Amino acid sequence: MKIIGVGIDIADIKRYEDKDDLAKRILHPDEYREYAMAVSKASYLASRFSVKESYVKASQDKTVDYRKLCVKKSVQGNPVLYLNGERLKAFVSISHDDKAIAIVILYQD
């Protein structure tokens with residue numbers, strides 16, 4: 001396995017309160033459904049935004065449409081990243097408290 005990119009991002013969760021307009025612009029439709037039912041919408045939105053920003057940094061693709069990126073949970077419960085419906089070869093980690101932080105490590109076999 002060869003690492004081809006690493007990206008990390010941190011977001012202040014308070015800045016994502018009452019940001020439904022942003023959620024509509026950046027969340028994949030599956031993510032938006034989860035966002036709509038989330039107990040803490042700000043935490044959910046901040047964490048997903050951080051993953052997407054981390055992906056841009058790791059891939060160096062500044063043209064990606066954030067709505068085409070989707071974070072899903074694996075059977076084990078860890079985050080998995082998809083682009084245009086295809087699972088990416090990536091390690092993803094998300095953590096949040098007052099801030100949301102995400103790291104994406106892209107790799108190839």
# chains A, B, ... in the order shown; residues from 1 in each chain; ligands from 1
>>> select_by_dssp(residues="chain A", states="alpha helix (DSSP H)", output="VMD selection string")
chain A and resid 20 to 26 29 to 37 41 to 59
>>> select_by_dssp(residues="chain A", states="strand (DSSP E)", output="JSON, numbers by chain")
{"A": [2, 3, 4, 5, 6, 7, 8, 9, 10, 11, 12, 69, 70, 71, 72, 73, 79, 80, 81, 82, 83, 86, 87, 90, 91, 92, 93, 94, 95, 96, 99, 100, 101, 102, 103, 104, 105, 106, 107, 108]}
>>> closest_residue(among="A:Ile8, A:Ala23, A:Met1, A:Cys70", to="Ile94 of chain A", atoms="only C-alpha atoms")
A:Ile8
>>> closest_residue(among="A:Gln76, A:Thr63, A:Ser95, A:Ser40", to="Ile10 of chain A", atoms="only C-alpha atoms")
A:Ser95
>>> residues_around(residues="Asp97 of chain A", least_positions_apart="6", cutoff="12 Å", atoms="only C-alpha atoms", output="PyMOL selection string")
chain A and resi 10-14+40+42-44+46-47
>>> atom_distance(atom1="atom CA of His28 of chain A", atom2="atom CA of Gly5 of chain A")
22.6 Å
>>> atom_distance(atom1="atom CA of Tyr35 of chain A", atom2="atom CA of Phe91 of chain A")
22.3 Å
>>> residues_around(residues="Tyr55 of chain A", least_positions_apart="2", cutoff="10 Å", atoms="only C-alpha atoms", output="ChimeraX atom specification")
/A:5-9,49-53,57-62,64,66,69,81,90,92,102-106
>>> write_last_selection(atoms="N, CA, C and O atoms", output="CSV table (one decimal), in the first residue's frame")
chain,number,residue,atom,x,y,z
A,5,GLY,N,-1.9,10.7,-0.4
A,5,GLY,CA,-2.4,12.1,0.0
A,5,GLY,C,-2.9,12.0,1.4
A,5,GLY,O,-3.5,11.0,1.8
A,6,VAL,N,-2.7,13.1,2.2
A,6,VAL,CA,-3.2,13.2,3.5
A,6,VAL,C,-3.8,14.6,3.7
A,6,VAL,O,-3.2,15.6,3.2
A,7,GLY,N,-5.0,14.7,4.2
A,7,GLY,CA,-5.6,16.0,4.5
A,7,GLY,C,-6.2,16.0,5.9
A,7,GLY,O,-6.7,15.0,6.4
A,8,ILE,N,-6.2,17.1,6.5
A,8,ILE,CA,-6.8,17.3,7.9
A,8,ILE,C,-7.5,18.6,7.9
A,8,ILE,O,-7.1,19.6,7.3
A,9,ASP,N,-8.6,18.7,8.7
A,9,ASP,CA,-9.4,19.9,8.8
A,9,ASP,C,-10.0,20.0,10.2
A,9,ASP,O,-10.4,18.9,10.7
A,49,PHE,N,-18.4,18.6,6.8
A,49,PHE,CA,-17.6,19.6,6.1
A,49,PHE,C,-16.1,19.4,6.3
A,49,PHE,O,-15.3,19.5,5.3
A,50,SER,N,-15.7,19.0,7.5
A,50,SER,CA,-14.3,18.8,7.7
A,50,SER,C,-13.8,17.6,6.9
A,50,SER,O,-12.6,17.6,6.4
A,51,VAL,N,-14.6,16.5,6.8
A,51,VAL,CA,-14.2,15.4,6.0
A,51,VAL,C,-14.0,15.8,4.5
A,51,VAL,O,-13.0,15.5,3.9
A,52,LYS,N,-14.9,16.6,4.0
A,52,LYS,CA,-14.8,17.0,2.6
A,52,LYS,C,-13.6,17.9,2.4
A,52,LYS,O,-12.9,17.8,1.3
A,53,GLU,N,-13.4,18.8,3.3
A,53,GLU,CA,-12.2,19.7,3.2
A,53,GLU,C,-10.9,18.9,3.3
A,53,GLU,O,-10.0,19.1,2.5
A,57,LYS,N,-7.8,18.5,0.4
A,57,LYS,CA,-6.4,18.6,0.7
A,57,LYS,C,-5.6,17.4,0.4
A,57,LYS,O,-4.5,17.5,-0.1
A,58,ALA,N,-6.2,16.2,0.6
A,58,ALA,CA,-5.5,15.0,0.4
A,58,ALA,C,-5.4,14.7,-1.1
A,58,ALA,O,-4.4,14.2,-1.6
A,59,SER,N,-6.5,15.0,-1.9
A,59,SER,CA,-6.5,14.7,-3.3
A,59,SER,C,-6.0,15.8,-4.2
A,59,SER,O,-5.7,15.6,-5.3
A,60,GLN,N,-5.9,17.0,-3.6
A,60,GLN,CA,-5.5,18.2,-4.3
A,60,GLN,C,-6.5,18.5,-5.4
A,60,GLN,O,-6.2,19.2,-6.4
A,61,ASP,N,-7.8,18.1,-5.3
A,61,ASP,CA,-8.8,18.3,-6.3
A,61,ASP,C,-9.7,19.4,-5.8
A,61,ASP,O,-10.7,19.1,-5.0
A,62,LYS,N,-9.5,20.6,-6.1
A,62,LYS,CA,-10.3,21.8,-5.6
A,62,LYS,C,-11.6,21.9,-6.4
A,62,LYS,O,-12.3,22.8,-6.1
A,64,VAL,N,-13.9,19.4,-6.9
A,64,VAL,CA,-14.8,18.4,-6.5
A,64,VAL,C,-16.1,19.0,-6.0
A,64,VAL,O,-16.1,20.0,-5.2
A,66,TYR,N,-18.9,18.9,-3.5
A,66,TYR,CA,-19.0,18.3,-2.2
A,66,TYR,C,-20.2,17.4,-2.1
A,66,TYR,O,-20.3,16.5,-1.3
A,69,LEU,N,-19.4,13.8,-2.7
A,69,LEU,CA,-18.7,13.1,-1.7
A,69,LEU,C,-19.7,12.7,-0.6
A,69,LEU,O,-20.6,13.5,-0.3
A,81,LEU,N,-15.6,6.8,2.9
A,81,LEU,CA,-15.8,7.9,2.0
A,81,LEU,C,-16.1,7.4,0.6
A,81,LEU,O,-15.4,6.5,0.1
A,90,ALA,N,-9.5,5.0,1.1
A,90,ALA,CA,-9.1,6.1,2.1
A,90,ALA,C,-9.4,5.6,3.5
A,90,ALA,O,-10.3,4.9,3.7
A,92,VAL,N,-10.5,7.2,7.0
A,92,VAL,CA,-11.1,8.4,7.4
A,92,VAL,C,-11.3,8.3,8.9
A,92,VAL,O,-11.7,7.3,9.5
A,102,ALA,N,-11.3,16.2,11.2
A,102,ALA,CA,-11.3,15.0,10.3
A,102,ALA,C,-10.0,14.9,9.7
A,102,ALA,O,-9.3,15.9,9.4
A,103,ILE,N,-9.6,13.6,9.4
A,103,ILE,CA,-8.4,13.3,8.6
A,103,ILE,C,-8.8,12.3,7.5
A,103,ILE,O,-9.6,11.4,7.8
A,104,VAL,N,-8.2,12.5,6.4
A,104,VAL,CA,-8.4,11.6,5.3
A,104,VAL,C,-7.0,11.2,4.7
A,104,VAL,O,-6.2,12.1,4.4
A,105,ILE,N,-6.8,9.9,4.7
A,105,ILE,CA,-5.5,9.4,4.1
A,105,ILE,C,-5.9,8.6,2.9
A,105,ILE,O,-6.6,7.6,3.0
A,106,LEU,N,-5.5,9.1,1.7
A,106,LEU,CA,-5.8,8.4,0.5
A,106,LEU,C,-4.6,7.4,0.2
A,106,LEU,O,-3.5,7.8,0.4
>>> residues_around(residues="Glu31 of chain A", least_positions_apart="3", cutoff="9 Å", atoms="only C-alpha atoms", output="VMD selection string")
chain A and resid 27 to 28 34 to 36 48 67 70 to 72
>>> write_last_selection(atoms="N, CA, C and O atoms", output="JSON list (two decimals), in the first residue's frame")
[["chain", "number", "residue", "atom", "x", "y", "z"],
["A", 27, "LEU", "N", -23.97, 18.82, 1.34],
["A", 27, "LEU", "CA", -24.22, 17.43, 1.74],
["A", 27, "LEU", "C", -24.78, 16.61, 0.59],
["A", 27, "LEU", "O", -25.64, 17.07, -0.17],
["A", 28, "HIS", "N", -24.29, 15.40, 0.49],
["A", 28, "HIS", "CA", -24.86, 14.39, -0.42],
["A", 28, "HIS", "C", -26.30, 14.15, 0.03],
["A", 28, "HIS", "O", -26.62, 14.28, 1.21],
["A", 34, "GLU", "N", -29.69, 12.26, 6.89],
["A", 34, "GLU", "CA", -29.16, 12.04, 8.24],
["A", 34, "GLU", "C", -29.08, 13.36, 9.01],
["A", 34, "GLU", "O", -29.42, 13.42, 10.19],
["A", 35, "TYR", "N", -28.64, 14.40, 8.33],
["A", 35, "TYR", "CA", -28.55, 15.73, 8.93],
["A", 35, "TYR", "C", -29.92, 16.18, 9.44],
["A", 35, "TYR", "O", -30.04, 16.70, 10.55],
["A", 36, "ALA", "N", -30.94, 15.99, 8.64],
["A", 36, "ALA", "CA", -32.29, 16.43, 9.01],
["A", 36, "ALA", "C", -32.79, 15.74, 10.28],
["A", 36, "ALA", "O", -33.60, 16.31, 11.01],
["A", 48, "ARG", "N", -18.98, 16.65, 8.67],
["A", 48, "ARG", "CA", -19.00, 16.30, 7.25],
["A", 48, "ARG", "C", -18.23, 17.32, 6.42],
["A", 48, "ARG", "O", -17.52, 16.97, 5.48],
["A", 67, "ARG", "N", -21.26, 17.67, -2.90],
["A", 67, "ARG", "CA", -22.47, 16.83, -2.88],
["A", 67, "ARG", "C", -22.22, 15.46, -3.51],
["A", 67, "ARG", "O", -23.02, 14.54, -3.34],
["A", 70, "CYS", "N", -19.63, 11.44, -0.13],
["A", 70, "CYS", "CA", -20.57, 10.96, 0.88],
["A", 70, "CYS", "C", -19.83, 10.13, 1.93],
["A", 70, "CYS", "O", -19.09, 9.21, 1.58],
["A", 71, "VAL", "N", -20.07, 10.46, 3.18],
["A", 71, "VAL", "CA", -19.52, 9.68, 4.29],
["A", 71, "VAL", "C", -20.61, 8.72, 4.76],
["A", 71, "VAL", "O", -21.71, 9.15, 5.07],
["A", 72, "LYS", "N", -20.27, 7.45, 4.78],
["A", 72, "LYS", "CA", -21.19, 6.41, 5.27],
["A", 72, "LYS", "C", -20.49, 5.64, 6.36],
["A", 72, "LYS", "O", -19.27, 5.73, 6.50]]
>>> decode(residues="segment 51-86 of chain A", atoms="N, CA, C and O atoms", output="JSON list (two decimals), in the first residue's frame")
[["chain", "number", "residue", "atom", "x", "y", "z"],
["A", 51, "VAL", "N", -14.57, 16.52, 6.77],
["A", 51, "VAL", "CA", -14.15, 15.38, 5.96],
["A", 51, "VAL", "C", -13.96, 15.81, 4.51],
["A", 51, "VAL", "O", -12.96, 15.46, 3.86],
["A", 52, "LYS", "N", -14.90, 16.58, 4.00],
["A", 52, "LYS", "CA", -14.83, 17.00, 2.59],
["A", 52, "LYS", "C", -13.63, 17.92, 2.35],
["A", 52, "LYS", "O", -12.93, 17.79, 1.34],
["A", 53, "GLU", "N", -13.38, 18.83, 3.28],
["A", 53, "GLU", "CA", -12.20, 19.69, 3.18],
["A", 53, "GLU", "C", -10.92, 18.85, 3.26],
["A", 53, "GLU", "O", -9.96, 19.10, 2.53],
["A", 54, "SER", "N", -10.92, 17.86, 4.13],
["A", 54, "SER", "CA", -9.75, 16.98, 4.25],
["A", 54, "SER", "C", -9.52, 16.21, 2.95],
["A", 54, "SER", "O", -8.37, 16.02, 2.53],
["A", 55, "TYR", "N", -10.60, 15.77, 2.32],
["A", 55, "TYR", "CA", -10.46, 15.06, 1.04],
["A", 55, "TYR", "C", -9.83, 15.98, -0.01],
["A", 55, "TYR", "O", -8.94, 15.57, -0.75],
["A", 56, "VAL", "N", -10.30, 17.23, -0.08],
["A", 56, "VAL", "CA", -9.74, 18.17, -1.06],
["A", 56, "VAL", "C", -8.25, 18.34, -0.83],
["A", 56, "VAL", "O", -7.45, 18.35, -1.78],
["A", 57, "LYS", "N", -7.84, 18.45, 0.42],
["A", 57, "LYS", "CA", -6.42, 18.62, 0.74],
["A", 57, "LYS", "C", -5.63, 17.37, 0.38],
["A", 57, "LYS", "O", -4.51, 17.46, -0.15],
["A", 58, "ALA", "N", -6.19, 16.21, 0.64],
["A", 58, "ALA", "CA", -5.48, 14.95, 0.35],
["A", 58, "ALA", "C", -5.38, 14.69, -1.15],
["A", 58, "ALA", "O", -4.36, 14.22, -1.64],
["A", 59, "SER", "N", -6.46, 14.98, -1.87],
["A", 59, "SER", "CA", -6.50, 14.68, -3.30],
["A", 59, "SER", "C", -5.96, 15.82, -4.17],
["A", 59, "SER", "O", -5.65, 15.61, -5.33],
["A", 60, "GLN", "N", -5.92, 17.02, -3.58],
["A", 60, "GLN", "CA", -5.54, 18.24, -4.30],
["A", 60, "GLN", "C", -6.52, 18.55, -5.44],
["A", 60, "GLN", "O", -6.17, 19.21, -6.41],
["A", 61, "ASP", "N", -7.75, 18.07, -5.31],
["A", 61, "ASP", "CA", -8.81, 18.32, -6.30],
["A", 61, "ASP", "C", -9.74, 19.40, -5.75],
["A", 61, "ASP", "O", -10.69, 19.11, -5.03],
["A", 62, "LYS", "N", -9.47, 20.64, -6.13],
["A", 62, "LYS", "CA", -10.26, 21.76, -5.64],
["A", 62, "LYS", "C", -11.55, 21.95, -6.42],
["A", 62, "LYS", "O", -12.34, 22.84, -6.10],
["A", 63, "THR", "N", -11.79, 21.12, -7.43],
["A", 63, "THR", "CA", -13.00, 21.26, -8.25],
["A", 63, "THR", "C", -14.11, 20.29, -7.86],
["A", 63, "THR", "O", -15.20, 20.35, -8.42],
["A", 64, "VAL", "N", -13.86, 19.41, -6.90],
["A", 64, "VAL", "CA", -14.84, 18.38, -6.54],
["A", 64, "VAL", "C", -16.11, 19.02, -5.99],
["A", 64, "VAL", "O", -16.07, 19.98, -5.23],
["A", 65, "ASP", "N", -17.25, 18.51, -6.43],
["A", 65, "ASP", "CA", -18.55, 18.93, -5.92],
["A", 65, "ASP", "C", -18.78, 18.19, -4.61],
["A", 65, "ASP", "O", -18.86, 16.96, -4.59],
["A", 66, "TYR", "N", -18.87, 18.93, -3.51],
["A", 66, "TYR", "CA", -19.02, 18.30, -2.19],
["A", 66, "TYR", "C", -20.24, 17.40, -2.11],
["A", 66, "TYR", "O", -20.26, 16.46, -1.34],
["A", 67, "ARG", "N", -21.26, 17.67, -2.90],
["A", 67, "ARG", "CA", -22.47, 16.83, -2.88],
["A", 67, "ARG", "C", -22.22, 15.46, -3.51],
["A", 67, "ARG", "O", -23.02, 14.54, -3.34],
["A", 68, "LYS", "N", -21.11, 15.31, -4.20],
["A", 68, "LYS", "CA", -20.75, 14.01, -4.79],
["A", 68, "LYS", "C", -19.94, 13.16, -3.82],
["A", 68, "LYS", "O", -19.77, 11.97, -4.04],
["A", 69, "LEU", "N", -19.43, 13.78, -2.75],
["A", 69, "LEU", "CA", -18.73, 13.06, -1.69],
["A", 69, "LEU", "C", -19.73, 12.66, -0.62],
["A", 69, "LEU", "O", -20.59, 13.46, -0.25],
["A", 70, "CYS", "N", -19.63, 11.44, -0.13],
["A", 70, "CYS", "CA", -20.57, 10.96, 0.88],
["A", 70, "CYS", "C", -19.83, 10.13, 1.93],
["A", 70, "CYS", "O", -19.09, 9.21, 1.58],
["A", 71, "VAL", "N", -20.07, 10.46, 3.18],
["A", 71, "VAL", "CA", -19.52, 9.68, 4.29],
["A", 71, "VAL", "C", -20.61, 8.72, 4.76],
["A", 71, "VAL", "O", -21.71, 9.15, 5.07],
["A", 72, "LYS", "N", -20.27, 7.45, 4.78],
["A", 72, "LYS", "CA", -21.19, 6.41, 5.27],
["A", 72, "LYS", "C", -20.49, 5.64, 6.36],
["A", 72, "LYS", "O", -19.27, 5.73, 6.50],
["A", 73, "LYS", "N", -21.26, 4.89, 7.13],
["A", 73, "LYS", "CA", -20.67, 4.04, 8.16],
["A", 73, "LYS", "C", -20.53, 2.62, 7.62],
["A", 73, "LYS", "O", -21.44, 2.09, 7.00],
["A", 74, "SER", "N", -19.39, 2.01, 7.92],
["A", 74, "SER", "CA", -19.19, 0.61, 7.56],
["A", 74, "SER", "C", -19.99, -0.26, 8.53],
["A", 74, "SER", "O", -20.55, 0.24, 9.51],
["A", 75, "VAL", "N", -19.98, -1.55, 8.30],
["A", 75, "VAL", "CA", -20.65, -2.49, 9.20],
["A", 75, "VAL", "C", -20.07, -2.38, 10.61],
["A", 75, "VAL", "O", -20.79, -2.49, 11.60],
["A", 76, "GLN", "N", -18.78, -2.09, 10.69],
["A", 76, "GLN", "CA", -18.11, -1.95, 11.99],
["A", 76, "GLN", "C", -18.38, -0.59, 12.63],
["A", 76, "GLN", "O", -18.04, -0.37, 13.78],
["A", 77, "GLY", "N", -18.94, 0.36, 11.86],
["A", 77, "GLY", "CA", -19.27, 1.67, 12.40],
["A", 77, "GLY", "C", -18.27, 2.76, 12.10],
["A", 77, "GLY", "O", -18.47, 3.90, 12.50],
["A", 78, "ASN", "N", -17.18, 2.43, 11.40],
["A", 78, "ASN", "CA", -16.21, 3.47, 11.07],
["A", 78, "ASN", "C", -16.60, 4.20, 9.79],
["A", 78, "ASN", "O", -17.29, 3.65, 8.94],
["A", 79, "PRO", "N", -16.17, 5.47, 9.65],
["A", 79, "PRO", "CA", -16.55, 6.24, 8.46],
["A", 79, "PRO", "C", -15.83, 5.75, 7.21],
["A", 79, "PRO", "O", -14.65, 5.41, 7.25],
["A", 80, "VAL", "N", -16.59, 5.73, 6.11],
["A", 80, "VAL", "CA", -16.08, 5.32, 4.81],
["A", 80, "VAL", "C", -16.47, 6.42, 3.83],
["A", 80, "VAL", "O", -17.59, 6.94, 3.88],
["A", 81, "LEU", "N", -15.57, 6.77, 2.93],
["A", 81, "LEU", "CA", -15.79, 7.88, 2.01],
["A", 81, "LEU", "C", -16.07, 7.36, 0.60],
["A", 81, "LEU", "O", -15.36, 6.50, 0.09],
["A", 82, "TYR", "N", -17.12, 7.93, -0.01],
["A", 82, "TYR", "CA", -17.53, 7.59, -1.37],
["A", 82, "TYR", "C", -17.49, 8.85, -2.23],
["A", 82, "TYR", "O", -17.80, 9.94, -1.76],
["A", 83, "LEU", "N", -17.13, 8.67, -3.49],
["A", 83, "LEU", "CA", -17.18, 9.74, -4.48],
["A", 83, "LEU", "C", -17.94, 9.21, -5.69],
["A", 83, "LEU", "O", -17.57, 8.17, -6.24],
["A", 84, "ASN", "N", -19.01, 9.90, -6.06],
["A", 84, "ASN", "CA", -19.87, 9.46, -7.17],
["A", 84, "ASN", "C", -20.32, 8.01, -7.00],
["A", 84, "ASN", "O", -20.39, 7.25, -7.96],
["A", 85, "GLY", "N", -20.60, 7.62, -5.76],
["A", 85, "GLY", "CA", -21.11, 6.28, -5.47],
["A", 85, "GLY", "C", -20.05, 5.20, -5.37],
["A", 85, "GLY", "O", -20.37, 4.06, -5.06],
["A", 86, "GLU", "N", -18.80, 5.53, -5.63],
["A", 86, "GLU", "CA", -17.72, 4.54, -5.55],
["A", 86, "GLU", "C", -16.91, 4.75, -4.28],
["A", 86, "GLU", "O", -16.50, 5.87, -3.98]]
